[in-house]
>>> print(open('input_9.tsv').read())   # TSV, C-alpha atoms
chain	number	residue	atom	x	y	z
A	24	MET	CA	33.11	126.88	126.87
A	25	THR	CA	31.65	125.90	123.49
A	26	LEU	CA	31.92	122.25	122.49
A	27	PRO	CA	31.72	121.18	118.83
A	28	ARG	CA	28.38	119.95	117.51
A	29	LEU	CA	29.33	116.30	117.34
A	30	THR	CA	27.29	113.28	118.28
A	31	GLY	CA	28.14	109.99	119.93
A	32	GLY	CA	28.06	108.29	116.53
A	33	GLY	CA	30.50	110.66	114.86
A	34	ASP	CA	33.63	109.52	113.05
A	35	TYR	CA	36.03	110.33	115.88
A	36	ASN	CA	37.55	108.31	118.69
A	37	ILE	CA	38.77	111.03	121.04
A	38	LEU	CA	37.83	114.63	121.68
A	39	LEU	CA	40.92	116.27	123.20
A	40	VAL	CA	39.79	119.15	125.39
A	41	VAL	CA	42.41	121.91	125.47
A	42	GLY	CA	42.45	123.95	128.67
A	43	ALA	CA	40.38	121.31	130.44
A	44	ARG	CA	42.02	121.79	133.84
A	45	GLN	CA	41.24	125.49	133.87
A	46	ILE	CA	37.63	124.92	132.80
A	47	GLY	CA	37.02	121.89	135.01
A	48	MET	CA	36.27	118.41	133.72
A	49	ASN	CA	33.00	118.24	135.69
A	50	LYS	CA	31.64	121.23	133.77
A	51	ILE	CA	32.96	119.87	130.49
A	52	THR	CA	31.35	116.49	131.10
A	53	LYS	CA	27.98	118.09	131.90
A	54	ASP	CA	28.11	120.29	128.80
A	55	ALA	CA	29.12	117.31	126.67
A	56	ALA	CA	26.21	115.23	127.94
A	57	GLN	CA	23.78	117.89	126.68
A	58	LEU	CA	25.32	117.45	123.23
A	59	ASN	CA	25.16	113.64	123.40
A	60	LEU	CA	28.93	113.40	123.58
A	61	PRO	CA	29.89	110.26	125.54
A	62	GLU	CA	32.12	110.93	128.53
A	63	GLU	CA	34.51	108.18	127.50
A	64	LYS	CA	35.42	110.05	124.31
A	65	LEU	CA	36.50	113.16	126.24
A	66	LEU	CA	40.14	113.52	127.19
A	67	GLY	CA	41.67	116.40	129.12
A	68	ASP	CA	44.78	117.68	127.39
A	69	TRP	CA	46.97	117.58	130.52
A	70	ILE	CA	46.44	113.84	131.00
A	71	VAL	CA	48.39	112.91	127.85
A	72	THR	CA	51.50	114.55	129.37
A	73	ILE	CA	51.53	112.27	132.43
A	74	PRO	CA	54.42	109.77	132.29
A	75	GLY	CA	53.26	106.26	131.44
A	76	PHE	CA	50.14	107.48	129.65
A	77	THR	CA	48.67	105.40	126.87
A	78	LEU	CA	45.09	105.77	125.75
A	79	GLU	CA	44.48	102.07	126.33
A	80	LYS	CA	45.67	102.20	129.96
A	81	TYR	CA	43.80	105.40	130.68
A	82	ARG	CA	40.51	104.08	129.33
A	83	GLN	CA	41.02	100.87	131.28
A	84	LEU	CA	41.57	102.93	134.43
A	85	GLN	CA	38.43	104.98	133.81
A	86	ARG	CA	36.31	101.88	133.25
A	87	SER	CA	37.70	100.13	136.31
A	88	ARG	CA	35.87	102.51	138.70
A	89	LEU	CA	38.77	102.37	141.15
A	90	SER	CA	38.20	103.20	144.82
A	91	ILE	CA	41.30	104.57	146.56
A	92	PHE	CA	41.65	104.28	150.32
A	93	SER	CA	44.46	106.56	151.40
A	94	VAL	CA	45.82	107.50	154.81
A	95	ASN	CA	45.95	111.15	153.77
A	96	CYS	CA	45.30	113.47	150.82
A	97	PHE	CA	47.43	111.43	148.39
A	98	GLY	CA	44.47	109.50	146.98
A	99	GLY	CA	42.42	112.62	146.35
A	100	LEU	CA	45.39	114.45	144.83
A	101	LEU	CA	46.15	111.61	142.45
A	102	SER	CA	42.50	111.12	141.48
A	103	ASN	CA	42.26	114.82	140.70
A	104	LYS	CA	45.47	114.75	138.68
A	105	LEU	CA	44.20	111.81	136.62
A	106	GLY	CA	40.71	113.23	136.18
A	107	LEU	CA	39.12	110.35	138.11
A	108	PRO	CA	36.00	110.60	140.29
A	109	PHE	CA	36.24	110.28	144.07
A	110	LEU	CA	34.91	106.79	144.75
A	111	SER	CA	36.04	106.66	148.36
A	112	PRO	CA	35.29	108.74	151.47
A	113	PHE	CA	39.04	109.02	152.21
A	114	VAL	CA	39.43	112.38	150.49
A	115	ASN	CA	40.52	115.70	152.01
A	116	LEU	CA	41.38	114.12	155.36
A	117	PHE	CA	44.08	112.23	157.22
A	118	VAL	CA	44.26	109.58	159.92
A	119	GLY	CA	47.08	108.10	161.96
A	120	ASN	CA	48.88	105.09	160.52
A	121	GLY	CA	47.68	102.79	163.27
A	122	ASP	CA	44.08	103.89	162.86
A	123	PHE	CA	44.28	103.51	159.08
A	124	ILE	CA	45.52	99.93	159.34
A	125	LYS	CA	42.84	99.22	161.93
A	126	PHE	CA	40.18	100.60	159.58
A	127	MET	CA	41.43	98.64	156.57
A	128	SER	CA	41.41	95.42	158.58
A	129	LYS	CA	37.60	95.60	158.80
A	130	PRO	CA	36.33	98.49	156.62
A	131	HIS	CA	32.73	97.27	156.30
A	132	GLU	CA	32.34	97.20	160.06
A	133	TYR	CA	33.75	100.69	160.48
A	134	LEU	CA	31.69	102.13	157.64
A	135	ASN	CA	28.55	101.00	159.42
A	136	GLU	CA	29.48	103.44	162.19
A	137	LYS	CA	28.38	107.06	162.15
A	138	LEU	CA	30.82	109.94	162.27
A	139	VAL	CA	30.74	111.62	165.68
A	140	TYR	CA	32.00	115.13	166.32
A	141	ASN	CA	34.97	115.25	168.68
A	142	ARG	CA	36.60	118.68	168.62
A	143	LYS	CA	38.10	121.44	166.48
A	144	ARG	CA	41.77	121.56	165.58
A	145	PHE	CA	43.65	124.63	164.40
A	146	ASP	CA	45.73	124.30	161.24
A	147	SER	CA	48.64	126.71	161.66
A	148	THR	CA	49.70	126.39	158.01
A	149	ASN	CA	46.32	127.30	156.52
A	150	THR	CA	45.25	129.33	159.58
A	151	TYR	CA	41.79	127.89	160.05
A	152	GLU	CA	40.06	125.36	162.26
A	153	TYR	CA	38.75	122.04	161.01
A	154	PRO	CA	36.64	119.31	162.63
A	155	VAL	CA	38.13	116.19	164.18
A	156	VAL	CA	35.68	113.29	164.21
A	157	MET	CA	35.45	109.76	165.55
A	158	LEU	CA	34.45	106.68	163.56
A	159	GLY	CA	34.07	104.11	166.27
A	160	ASP	CA	37.47	104.14	167.98
A	161	ILE	CA	39.24	105.76	165.02
A	162	THR	CA	40.15	109.46	164.89
A	163	ILE	CA	39.77	111.23	161.53
A	164	ASN	CA	41.08	114.72	160.85
A	165	MET	CA	38.79	116.42	158.34
A	166	MET	CA	41.42	118.96	157.50
A	167	HIS	CA	39.86	120.38	154.33
A	168	TYR	CA	36.36	120.87	155.75
A	169	LYS	CA	35.36	123.92	157.76
A	170	THR	CA	32.35	122.37	159.47
A	171	PHE	CA	31.43	118.98	160.87
A	172	GLU	CA	28.22	119.01	158.81
A	173	ALA	CA	30.13	119.52	155.55
A	174	SER	CA	32.51	116.67	156.36
A	175	VAL	CA	29.66	114.27	157.14
A	176	LYS	CA	27.84	115.17	153.93
A	177	ALA	CA	30.94	114.52	151.80
A	178	TRP	CA	31.77	111.32	153.70
A	179	GLU	CA	28.29	109.82	153.23
A	180	ARG	CA	28.11	110.81	149.56
A	181	ARG	CA	31.46	109.25	148.71
A	182	LYS	CA	30.94	106.22	150.92
A	183	ALA	CA	27.97	105.26	148.75
A	184	ARG	CA	30.23	105.21	145.64
A	185	ILE	CA	32.78	102.65	146.85
A	186	ASN	CA	33.56	99.92	144.34
A	187	TRP	CA	34.43	97.00	146.62
A	188	TYR	CA	35.49	94.95	143.60
A	189	ASN	CA	38.41	97.24	142.76
A	190	LEU	CA	40.25	98.72	145.72
A	191	PHE	CA	43.62	100.41	145.93
A	192	VAL	CA	45.02	100.94	149.43
A	193	THR	CA	47.91	103.30	150.12
A	194	MET	CA	49.81	104.94	152.95
A	195	TYR	CA	53.37	106.01	153.83
A	196	THR	CA	55.66	105.36	156.79
A	197	ALA	CA	59.22	105.53	158.05
A	198	ASP	CA	58.54	102.71	160.52
A	199	GLU	CA	59.36	99.13	159.47
A	200	LYS	CA	56.89	97.69	161.98
A	201	ILE	CA	54.05	99.75	160.50
A	202	LEU	CA	55.07	98.57	157.02
A	203	GLN	CA	54.90	94.93	158.14
A	204	GLU	CA	51.41	95.46	159.59
A	205	PHE	CA	50.30	97.14	156.38
A	206	ASP	CA	51.81	94.39	154.26
A	207	SER	CA	49.68	91.80	156.05
A	208	LEU	CA	46.42	93.49	154.98
A	209	PRO	CA	44.41	91.29	152.57
A	210	TYR	CA	44.39	93.51	149.48
A	211	GLY	CA	45.75	92.74	146.04
A	212	LYS	CA	46.70	96.34	145.27
A	213	LYS	CA	48.37	98.00	148.23
A	214	VAL	CA	51.24	100.47	148.27
A	215	CYS	CA	53.15	101.79	151.26
A	216	PHE	CA	55.63	104.53	150.35
A	217	VAL	CA	58.72	104.19	152.52
A	218	SER	CA	61.95	106.12	153.00
A	219	PHE	CA	64.00	102.93	153.47
A	220	LYS	CA	64.71	99.86	151.33
A	221	SER	CA	62.57	96.76	151.93
A	222	ASP	CA	61.94	93.44	150.21
A	223	LEU	CA	58.22	93.46	151.06
A	224	ASP	CA	56.02	93.63	147.96
A	225	SER	CA	53.92	96.50	149.31
A	226	ALA	CA	56.97	98.69	150.06
A	227	TRP	CA	57.54	101.35	147.42
A	228	TYR	CA	60.78	103.19	148.09
A	229	ILE	CA	61.11	106.93	147.62
A	230	ASN	CA	64.57	108.30	148.27
A	231	PRO	CA	64.06	111.02	150.90
A	232	GLU	CA	66.84	113.06	149.26
A	233	ILE	CA	65.41	112.75	145.75
A	234	ASP	CA	64.43	116.39	145.24
A	235	ASN	CA	67.19	117.87	147.42
A	236	SER	CA	64.62	119.59	149.59
A	237	LYS	CA	64.31	119.57	153.37
A	238	ARG	CA	60.57	118.96	153.26
A	239	PHE	CA	59.01	116.16	155.27
A	240	PHE	CA	58.62	112.77	153.61
A	241	VAL	CA	54.82	113.19	153.48
A	242	HIS	CA	55.31	116.19	151.18
A	243	LYS	CA	57.42	114.11	148.81
A	244	VAL	CA	54.67	111.48	148.72
A	245	ASN	CA	51.97	114.08	148.13
A	246	ASN	CA	54.06	115.67	145.38
A	247	PHE	CA	53.73	112.36	143.54
A	248	GLY	CA	49.95	112.66	143.88
A	249	ARG	CA	50.06	116.24	142.65
A	250	GLY	CA	52.14	115.24	139.65
A	251	LEU	CA	55.18	117.29	140.63
A	252	PHE	CA	57.44	114.21	140.83
A	253	TYR	CA	56.59	110.91	139.15
A	254	TYR	CA	58.67	108.34	140.99
A	255	TYR	CA	56.61	105.47	139.54
A	256	ASP	CA	54.22	104.97	136.62
A	257	PRO	CA	50.84	105.95	138.15
A	258	PHE	CA	48.84	103.96	135.60
A	259	ASP	CA	50.67	100.69	136.24
A	260	MET	CA	50.39	101.35	139.96
A	261	LEU	CA	46.63	101.90	140.04
A	262	LEU	CA	45.68	99.34	137.41
A	263	TYR	CA	47.86	96.41	138.41
A	264	GLY	CA	49.71	97.34	141.59
A	265	LYS	CA	52.80	97.08	139.38
A	266	LYS	CA	55.97	98.84	140.48
A	267	THR	CA	57.38	100.60	137.40
A	268	PRO	CA	60.08	103.12	138.45
A	269	LEU	CA	60.36	106.22	136.28
A	270	ILE	CA	63.53	107.58	137.88
A	271	ASP	CA	66.63	106.12	139.47
A	272	MET	CA	66.34	106.06	143.27
>>> encode(input="input_9.tsv", output="structure tokens")
Amino acid sequence: MTLPRLTGGGDYNILLVVGARQIGMNKITKDAAQLNLPEEKLLGDWIVTIPGFTLEKYRQLQRSRLSIFSVNCFGGLLSNKLGLPFLSPFVNLFVGNGDFIKFMSKPHEYLNEKLVYNRKRFDSTNTYEYPVVMLGDITINMMHYKTFEASVKAWERRKARINWYNLFVTMYTADEKILQEFDSLPYGKKVCFVSFKSDLDSAWYINPEIDNSKRFFVHKVNNFGRGLFYYYDPFDMLLYGKKTPLIDM
């Protein structure tokens, strides 16, 4: 890729990078830094097509240095879709709902623990084995890592990036009791995707029949993270915890 010979003081506000997803924003950012192009002036072309996008909200989201704690891959998928860095160790893994709520009830205490190898688990969908680890009394499935060593390295690197001043906590459930336990967690921005109607503030309803598919509810949630279905405005959700429906459910 060849970037234009501009400088940080040039008479432009935004440099829209066409084909950014194919090239990779990490590579673009590194190349831009060598040309003294500030990262904040770069904008991947695909991001402007995301429902709810405004430049003001996107820049606010970038500057906020948001850390997403997610029960599964949703947080990593959404961060990737929005071109945001991974500022949480909860990426490329999943935990049980009970363990996730237990972790989020005292995250500092659990993050002082070391990951301990437990066993290998075979993923029949992707046909490979991945490590299952323990963090204290919590089981974590490192489903997108092939070795225990690789999972520990990624966990420790991302753990050091957590912005405790701006957290977003998310999970999904079909169990009203689990929702109630999640709703009691002391976080300002928390979202639990549910397949049933609820008056609790943290309950974000997704109609399980919305895409007419027979896929499990978790796939419908993850499709939101991937950007295949935007049930809610992702910018309002991450910035303010604001529930802004984009479709009728």
>>> residues_around(input="input_9.tsv", residues="stretch 103-107 of chain A", least_positions_apart="2", cutoff="8 Å", atoms="all atoms listed in the file", output="list in words")
Met48, Gly67, Ile70, Gln85, Gly99, Leu100, Leu101, Phe109, Gly248, Arg249 and Gly250 of chain A
>>> residues_around(input="input_9.tsv", residues="A:Met272", least_positions_apart="6", cutoff="8 Å", atoms="only C-alpha atoms", output="list in words")
Tyr228, Ile229, Asn230 and Ile233 of chain A
>>> atom_distance(input="input_9.tsv", atom1="atom CA of A:Thr267", atom2="atom CA of A:Tyr253")
10.5 Å
>>> atom_distance(input="input_9.tsv", atom1="atom CA of A:Asp122", atom2="atom CA of A:Ser90")
19.0 Å
>>> residues_around(input="input_9.tsv", residues="A:Asp222", least_positions_apart="2", cutoff="12 Å", atoms="only C-alpha atoms", output="MDAnalysis selection string")
chainID A and resid 199 202:203 206 217 219:220 224:228
>>> atom_distance(input="input_9.tsv", atom1="atom CA of A:Met260", atom2="atom CA of A:Glu79")
14.9 Å
>>> closest_residue(input="input_9.tsv", among="A:Arg142, A:Lys176, A:His242, A:Arg184", to="A:Asn164", atoms="only C-alpha atoms")
A:Arg142
>>> residues_around(input="input_9.tsv", residues="A:Asp160", least_positions_apart="4", cutoff="10 Å", atoms="only C-alpha atoms", output="VMD selection string")
chain A and resid 122 125 to 126 133 136
>>> residues_around(input="input_9.tsv", residues="A:Met127", least_positions_apart="5", cutoff="12 Å", atoms="all atoms listed in the file", output="list in words")
Ile91, Phe92, Ser93, Val94, Phe113, Val118, Asn120, Gly121, Asp122, Glu132, Tyr133, Leu134, Ile161, Leu190, Phe191, Val192, Thr193, Met194, Glu204, Phe205, Asp206, Ser207, Leu208, Pro209, Tyr210 and Lys213 of chain A
>>> axis_aligned_box(input="input_9.tsv", around="stretch 112-122 of chain A", padding_each_side="3 Å", output="lines of an AutoDock Vina configuration file")
center_x = 42.1
center_y = 109.2
center_z = 156.9
size_x = 19.6
size_y = 18.9
size_z = 18.8
>>> closest_residue(input="input_9.tsv", among="A:Phe76, A:Asp198, A:Gly211, A:Phe117", to="A:Met166", atoms="only C-alpha atoms")
A:Phe117
>>> closest_residue(input="input_9.tsv", among="A:Ala183, A:Val241, A:Ile201, A:Ala43", to="A:Asn135", atoms="all atoms listed in the file")
A:Ala183
>>> closest_residue(input="input_9.tsv", among="A:Val71, A:Arg88, A:Ala173, A:Met165", to="A:Asp146", atoms="all atoms listed in the file")
A:Met165
